[in-house]
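Raw contents of structure25.cif, mmCIF, C-alpha atoms:
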```cif
data_query
#
loop_
_atom_site.label_atom_id
_atom_site.label_comp_id
_atom_site.auth_asym_id
_atom_site.auth_seq_id
_atom_site.Cartn_x
_atom_site.Cartn_y
_atom_site.Cartn_z
CA MET W 3 -38.06 -5.02 -4.60
CA GLU W 4 -35.57 -5.55 -7.41
CA PRO W 5 -31.89 -4.80 -6.74
CA ASP W 6 -30.54 -1.76 -8.59
CA GLU W 7 -27.05 -0.69 -9.73
CA VAL W 8 -26.16 0.54 -6.24
CA SER W 9 -27.14 -2.80 -4.67
CA TYR W 10 -24.89 -4.62 -7.11
CA LEU W 11 -21.99 -2.24 -6.48
CA ALA W 12 -22.28 -2.83 -2.71
CA ALA W 13 -22.41 -6.62 -3.18
CA ILE W 14 -19.41 -6.66 -5.56
CA CYS W 15 -17.40 -4.50 -3.15
CA ALA W 16 -18.31 -6.90 -0.32
CA CYS W 17 -17.12 -9.86 -2.40
CA ASN W 18 -13.93 -7.95 -3.14
CA HIS W 19 -13.02 -7.46 0.53
CA ALA W 20 -14.13 -10.97 1.49
CA GLY W 21 -12.01 -12.57 -1.24
CA LEU W 22 -15.05 -14.06 -3.02
CA VAL W 23 -13.64 -13.60 -6.51
CA ASP W 24 -15.82 -15.93 -8.57
CA GLU W 25 -19.00 -14.84 -6.76
CA GLY W 26 -18.21 -11.16 -7.32
CA TYR W 27 -17.40 -11.65 -10.99
CA LYS W 28 -20.59 -13.68 -11.46
CA LEU W 29 -22.64 -10.83 -9.93
CA PHE W 30 -20.98 -8.38 -12.32
CA THR W 31 -21.64 -10.46 -15.45
CA SER W 32 -25.27 -11.08 -14.43
CA MET W 33 -26.18 -7.39 -14.32
CA GLN W 34 -26.91 -6.94 -18.01
CA SER W 35 -29.21 -9.96 -18.11
CA LEU W 36 -31.36 -8.10 -15.57
CA GLY W 37 -31.42 -4.94 -17.65
CA LEU W 38 -28.81 -3.14 -15.50
CA THR W 39 -25.87 -1.36 -17.12
CA PRO W 40 -22.59 -1.47 -15.20
CA ASN W 41 -20.94 1.92 -14.80
CA VAL W 42 -17.28 2.80 -14.28
CA LYS W 43 -17.58 2.12 -10.52
CA HIS W 44 -18.71 -1.45 -11.16
CA TYR W 45 -15.82 -1.96 -13.56
CA GLY W 46 -13.41 -0.48 -11.02
CA SER W 47 -14.59 -2.85 -8.29
CA VAL W 48 -14.24 -5.87 -10.57
CA VAL W 49 -10.76 -4.85 -11.72
CA ASP W 50 -9.75 -4.53 -8.06
CA LEU W 51 -11.44 -7.87 -7.27
CA LEU W 52 -9.50 -9.68 -10.01
CA GLY W 53 -6.28 -7.81 -9.28
CA ARG W 54 -6.35 -8.88 -5.63
CA ALA W 55 -6.61 -12.50 -6.77
CA GLY W 56 -3.69 -12.16 -9.19
CA ARG W 57 -5.91 -12.59 -12.25
CA LEU W 58 -4.23 -9.67 -14.00
CA GLN W 59 -4.89 -10.75 -17.58
CA GLN W 60 -8.59 -11.09 -16.85
CA ALA W 61 -8.59 -7.68 -15.15
CA TYR W 62 -6.96 -6.19 -18.25
CA TYR W 63 -9.59 -7.83 -20.46
CA VAL W 64 -12.37 -6.27 -18.34
CA ILE W 65 -10.86 -2.80 -18.83
CA ASP W 66 -10.24 -3.40 -22.54
CA SER W 67 -13.85 -4.51 -23.10
CA MET W 68 -15.48 -1.52 -21.39
CA PRO W 69 -18.14 0.27 -23.48
CA MET W 70 -16.94 3.59 -22.08
CA LEU W 71 -13.41 5.00 -21.86
CA PRO W 72 -11.59 3.73 -18.75
CA ASP W 73 -10.39 6.45 -16.40
CA MET W 74 -6.97 6.75 -14.79
CA VAL W 75 -8.17 5.18 -11.54
CA LEU W 76 -8.91 1.89 -13.30
CA TRP W 77 -5.44 1.70 -14.81
CA GLN W 78 -3.87 2.74 -11.48
CA THR W 79 -5.80 -0.06 -9.75
CA LEU W 80 -4.35 -2.57 -12.21
CA LEU W 81 -0.87 -1.07 -11.79
CA GLY W 82 -1.13 -1.58 -8.03
CA ALA W 83 -1.98 -5.25 -8.61
CA CYS W 84 1.01 -5.54 -10.95
CA LYS W 85 3.23 -4.34 -8.09
CA THR W 86 1.77 -6.87 -5.67
CA TYR W 87 2.34 -9.74 -8.11
CA LYS W 88 5.56 -8.28 -9.60
CA ASN W 89 4.31 -8.43 -13.18
CA VAL W 90 6.80 -6.24 -15.04
CA ASP W 91 5.42 -6.59 -18.59
CA MET W 92 1.89 -5.58 -17.68
CA ALA W 93 3.10 -2.81 -15.39
CA GLU W 94 5.07 -1.28 -18.28
CA MET W 95 2.03 -1.47 -20.55
CA VAL W 96 -0.29 0.07 -17.93
CA THR W 97 2.18 2.89 -17.22
CA ARG W 98 2.31 3.69 -20.96
CA LYS W 99 -1.49 3.92 -20.97
CA LEU W 100 -1.42 6.32 -18.02
CA VAL W 101 1.24 8.50 -19.67
CA GLU W 102 -0.82 8.60 -22.87
CA MET W 103 -3.78 9.81 -20.79
CA GLY W 104 -1.63 12.68 -19.50
CA SER W 105 -1.02 11.38 -15.99
CA THR W 106 1.74 13.21 -14.11
CA SER W 107 1.17 11.41 -10.80
CA ASP W 108 4.44 10.51 -9.11
CA GLY W 109 2.73 7.41 -7.68
CA ASN W 110 2.46 5.74 -11.11
CA PHE W 111 6.17 6.10 -11.82
CA VAL W 112 7.10 5.09 -8.28
CA LEU W 113 5.01 1.89 -8.51
CA LEU W 114 6.75 0.90 -11.77
CA SER W 115 10.11 1.77 -10.22
CA ASN W 116 9.22 -0.42 -7.22
CA ILE W 117 8.51 -3.36 -9.53
CA TYR W 118 11.85 -2.91 -11.31
CA ALA W 119 13.65 -2.66 -7.95
CA ALA W 120 12.00 -5.87 -6.73
CA HIS W 121 13.59 -7.59 -9.76
CA GLU W 122 16.89 -5.73 -9.15
CA ARG W 123 16.63 -4.03 -12.54
CA TRP W 124 18.55 -0.97 -11.36
CA ALA W 125 19.17 0.41 -14.86
CA ASP W 126 15.40 0.56 -15.38
CA VAL W 127 14.96 2.21 -11.97
CA GLY W 128 17.44 4.87 -13.09
CA ARG W 129 15.61 5.27 -16.39
CA ILE W 130 12.32 5.91 -14.57
CA ARG W 131 14.03 8.57 -12.43
CA ASP W 132 15.30 10.24 -15.61
CA VAL W 133 11.81 10.19 -17.12
CA MET W 134 10.40 11.75 -13.95
CA LYS W 135 13.03 14.51 -14.12
CA SER W 136 12.31 15.20 -17.79
CA LYS W 137 8.59 15.50 -17.05
CA ASP W 138 9.23 17.50 -13.85
CA VAL W 139 7.45 14.83 -11.80
CA ARG W 140 8.67 14.95 -8.21
CA LYS W 141 8.30 12.17 -5.69
CA THR W 142 6.29 13.25 -2.68
CA PRO W 143 8.39 12.76 0.48
CA GLY W 144 6.85 10.24 2.86
CA PHE W 145 5.86 11.28 6.34
CA SER W 146 3.67 10.02 9.17
CA TYR W 147 2.10 11.74 12.12
CA ILE W 148 0.54 10.80 15.40
CA GLU W 149 -1.36 12.84 17.99
CA GLU W 150 -0.41 12.61 21.64
CA LYS W 151 -2.11 14.75 24.32
CA GLY W 152 -3.41 17.20 21.76
CA VAL W 153 -0.03 17.67 20.05
CA ILE W 154 0.69 16.46 16.48
CA HIS W 155 4.08 14.75 16.11
CA LYS W 156 5.31 14.48 12.52
CA PHE W 157 8.04 12.10 11.35
CA TYR W 158 9.94 11.83 8.08
CA ASN W 159 12.05 8.83 7.03
CA ALA W 160 15.28 8.64 9.05
CA ASP W 161 14.02 11.55 11.16
CA LYS W 162 16.33 12.54 14.00
CA ALA W 163 14.81 15.93 14.75
CA HIS W 164 12.28 14.82 17.37
CA LYS W 165 13.14 15.73 20.98
CA HIS W 166 12.58 12.08 21.99
CA CYS W 167 14.72 10.79 19.13
CA LYS W 168 17.00 8.69 21.37
CA GLN W 169 14.08 6.93 23.10
CA ILE W 170 12.29 6.31 19.78
CA HIS W 171 15.31 4.69 18.17
CA GLY W 172 15.93 2.74 21.36
CA LYS W 173 12.38 1.39 21.19
CA LEU W 174 12.94 0.44 17.53
CA GLU W 175 16.04 -1.52 18.51
CA GLU W 176 14.00 -3.31 21.18
CA ILE W 177 11.34 -4.14 18.58
CA ARG W 178 14.00 -5.28 16.13
CA PHE W 179 15.45 -7.69 18.70
CA LYS W 180 12.03 -9.09 19.69
CA MET W 181 10.97 -9.65 16.06
CA LYS W 182 13.96 -11.90 15.38
CA GLU W 183 12.42 -14.36 17.86
CA PHE W 184 9.33 -14.45 15.63
CA GLY W 185 11.41 -15.30 12.57
CA TYR W 186 11.22 -11.83 11.04
CA ALA W 187 13.53 -11.04 8.12
CA ALA W 188 13.55 -7.54 6.64
CA GLU W 189 11.82 -7.18 3.26
CA THR W 190 14.81 -5.46 1.63
CA SER W 191 13.18 -5.57 -1.83
CA PHE W 192 11.20 -2.51 -0.73
CA VAL W 193 14.39 -0.41 -0.62
CA LEU W 194 14.66 1.19 -4.04
CA HIS W 195 18.40 1.76 -4.08
CA ASP W 196 21.26 -0.41 -5.27
CA ILE W 197 22.99 -0.73 -1.89
CA GLY W 198 24.06 -3.59 0.37
CA ASP W 199 21.54 -5.69 2.31
CA GLU W 200 22.68 -4.36 5.70
CA GLU W 201 22.25 -0.76 4.52
CA LYS W 202 18.85 -1.64 3.12
CA GLU W 203 17.80 -3.18 6.42
CA ASN W 204 18.90 -0.07 8.34
CA ALA W 205 17.01 2.16 5.89
CA LEU W 206 13.82 0.13 6.40
CA TYR W 207 13.97 0.52 10.18
CA GLN W 208 13.88 4.29 9.81
CA HIS W 209 10.64 4.56 7.81
CA SER W 210 8.35 7.26 9.15
CA GLU W 211 5.47 4.94 10.10
CA LYS W 212 7.79 2.79 12.24
CA LEU W 213 9.07 5.91 14.02
CA ALA W 214 5.50 7.07 14.69
CA VAL W 215 4.41 3.67 16.05
CA ALA W 216 7.50 3.46 18.26
CA PHE W 217 6.70 6.91 19.64
CA GLY W 218 3.11 5.76 20.28
CA LEU W 219 4.37 2.78 22.28
CA ILE W 220 6.62 5.03 24.38
CA CYS W 221 3.91 7.58 25.17
CA ALA W 222 0.90 5.31 25.61
CA GLU W 223 -0.51 5.56 29.12
CA ASP W 224 -3.74 3.73 28.33
CA GLU W 225 -2.81 0.44 26.68
CA ALA W 226 -6.44 -0.20 25.78
CA ARG W 227 -6.46 2.85 23.50
CA PRO W 228 -5.39 2.13 19.89
CA ILE W 229 -2.23 3.75 18.55
CA GLN W 230 -3.37 5.82 15.55
CA VAL W 231 -0.97 6.89 12.80
CA ILE W 232 -1.64 8.74 9.56
CA LYS W 233 0.69 8.28 6.56
CA ASN W 234 0.58 10.46 3.44
CA LEU W 235 1.64 7.64 1.08
CA ARG W 236 0.95 3.92 0.84
CA ILE W 237 2.37 1.98 3.76
CA CYS W 238 5.34 -0.06 2.57
CA GLY W 239 5.27 -3.86 2.64
CA ASP W 240 7.98 -4.23 5.27
CA CYS W 241 6.32 -1.70 7.60
CA HIS W 242 3.07 -3.62 7.18
CA VAL W 243 4.76 -6.86 8.29
CA VAL W 244 6.52 -5.13 11.19
CA ILE W 245 3.39 -3.41 12.53
CA LYS W 246 1.49 -6.70 12.41
CA LEU W 247 4.21 -8.22 14.57
CA ILE W 248 4.24 -5.23 16.94
CA SER W 249 0.47 -5.59 17.46
CA LYS W 250 1.06 -9.20 18.49
CA MET W 251 4.23 -8.74 20.56
CA TYR W 252 2.92 -5.78 22.56
CA ASN W 253 -0.76 -6.83 22.53
CA ARG W 254 -1.76 -3.47 21.07
CA GLU W 255 -4.30 -2.37 18.50
CA ILE W 256 -2.68 -0.11 15.90
CA ILE W 257 -4.58 1.81 13.22
CA VAL W 258 -2.67 3.24 10.27
CA ARG W 259 -4.47 5.41 7.72
CA ASP W 260 -2.39 5.53 4.55
CA ARG W 261 -3.21 7.14 1.21
CA VAL W 262 -5.34 4.19 0.14
CA ARG W 263 -7.20 2.87 3.18
CA PHE W 264 -7.34 2.20 6.91
CA HIS W 265 -5.22 -0.67 8.24
CA ARG W 266 -6.35 -2.08 11.59
CA PHE W 267 -3.62 -4.22 13.11
CA LYS W 268 -4.55 -6.54 15.94
CA ASP W 269 -3.18 -9.87 17.20
CA GLY W 270 -0.71 -10.07 14.32
CA THR W 271 -3.21 -9.58 11.50
CA CYS W 272 -4.44 -6.63 9.44
CA SER W 273 -7.96 -5.78 8.31
CA CYS W 274 -6.75 -5.38 4.69
CA ARG W 275 -5.83 -9.07 4.53
CA ASP W 276 -2.42 -8.06 3.21
CA TYR W 277 -3.71 -6.43 0.03
CA TRP W 278 -3.80 -2.69 -0.42
#
```
Spell out the structure here as structure tokens.
Amino acid sequence: MEPDEVSYLAAICACNHAGLVDEGYKLFTSMQSLGLTPNVKHYGSVVDLLGRAGRLQQAYYVIDSMPMLPDMVLWQTLLGACKTYKNVDMAEMVTRKLVEMGSTSDGNFVLLSNIYAAHERWADVGRIRDVMKSKDVRKTPGFSYIEEKGVIHKFYNADKAHKHCKQIHGKLEEIRFKMKEFGYAAETSFVLHDIGDEEKENALYQHSEKLAVAFGLICAEDEARPIQVIKNLRICGDCHVVIKLISKMYNREIIVRDRVRFHRFKDGTCSCRDYW
């Protein structure tokens, strides 16, 4: 039988997650020669495929050449790639497109703010905050939760309300000490405030997903059972690095479901291949 649009979408998505950029793009461009018309899902997969590889200009060209109007998800996909590769100019352009389309998602502004912060452009970070205030766009507070013996335990950043707070922070200090032996250095660029490096490092150690994982390590009776955490926002880059190291140091499988996807950490690697 002849492959249809769904077959091509599945194959392009597979190329995307396997890192087969040229093969996936070739599949996409060959569709029309077979009488198949790519839809917005095909375009979205190709934009993500190219964005993962850092081919941002080519991804923009794909969106710009679409026969139908691109939706917000396509531009948000490209904006996420701009954050990964710290491309300020394109991120600004993409954010303008999203604003023109009427987007009021806090995530779009936060991603652009993240990119500015990574370049230490604090005045621009402040400007984005002012724009968010003027448009009444509020940043969703990050939290993570984990289930233990039928009880849901919820953690916010720098949370000290949990009854096992002392043990959790003690476990984090233990993790912090062990990671130094593996050459870990905190990714302070993920702290979006103009403060000193030591303060940034302390802020990173109190992210909600780290607190939840530390609690999971304390409570785990069956070490063969994965530690499962759910996060309402994207997992931050530093937490991603730390949880990879924890999975290796403690020989534990850890699954984190963030707003975008599942991350399966095992033996110091993640199923997302460090792109999300």
To one decimal place in Å, what is the distance between CA of Ala226 (chain W) and CA of Lys156 (chain W)?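 Computed distance, CA of Ala226 (chain W) to CA of Lys156 (chain W), equals 23.0 Å.
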On this structure, the PyMOL selection byres ((chain W and resi 48) around 9) would catch which residues? List them as a list of chain:residue names, sorted by chain and number.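 That expression, the PyMOL selection byres ((chain W and resi 48) around 9), corresponds here to W:Ile14, W:Cys15, W:Asn18, W:Val23, W:Gly26, W:Tyr27, W:Phe30, W:Lys43, W:His44, W:Tyr45, W:Gly46, W:Ser47, W:Val49, W:Asp50, W:Leu51, W:Leu52, W:Gly53, W:Ala61, W:Val64.
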Can you sort out the box for region 39-46 of chain W, edges along x, y and z, all listed atoms in, 4 Å on every side, with centre and edge lengths in Å to one decimal, as lines of an AutoDock Vina configuration file?
```
center_x = -19.6
center_y = 0.4
center_z = -13.8
size_x = 20.5
size_y = 12.8
size_z = 14.6
```
Please report the interatomic distance between CA of Met74 (chain W) and CA of Leu100 (chain W) in Å with one decimal.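 Going from CA of Met74 (chain W) over to CA of Leu100 (chain W) covers 6.4 Å.
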Once the PyMOL selection byres ((chain W and resi 54-60) around 12) is applied to the coordinates I shared, what remains selected? I want it as number ranges by chain. W: 17-24, 26-27, 47-53, 61-67, 77, 79-93, 95-96, 274-278
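This file, queried with the PyMOL selection byres ((chain W and resi 126-140) around 7), gives the residues Thr106, Asp108, Phe111, Ser115, Tyr118, Ala119, Arg123, Trp124, Ala125, Lys141 and Thr142 of chain W.
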Min atom-atom distance to Ala214 (chain W) from the set W:Val258, W:Cys238, W:Val243, W:Met181, counting all atoms listed in the file, belongs to W:Val258
Between CA of Val42 (chain W) and CA of Pro72 (chain W), what is the spacing in Å? 7.3 Å
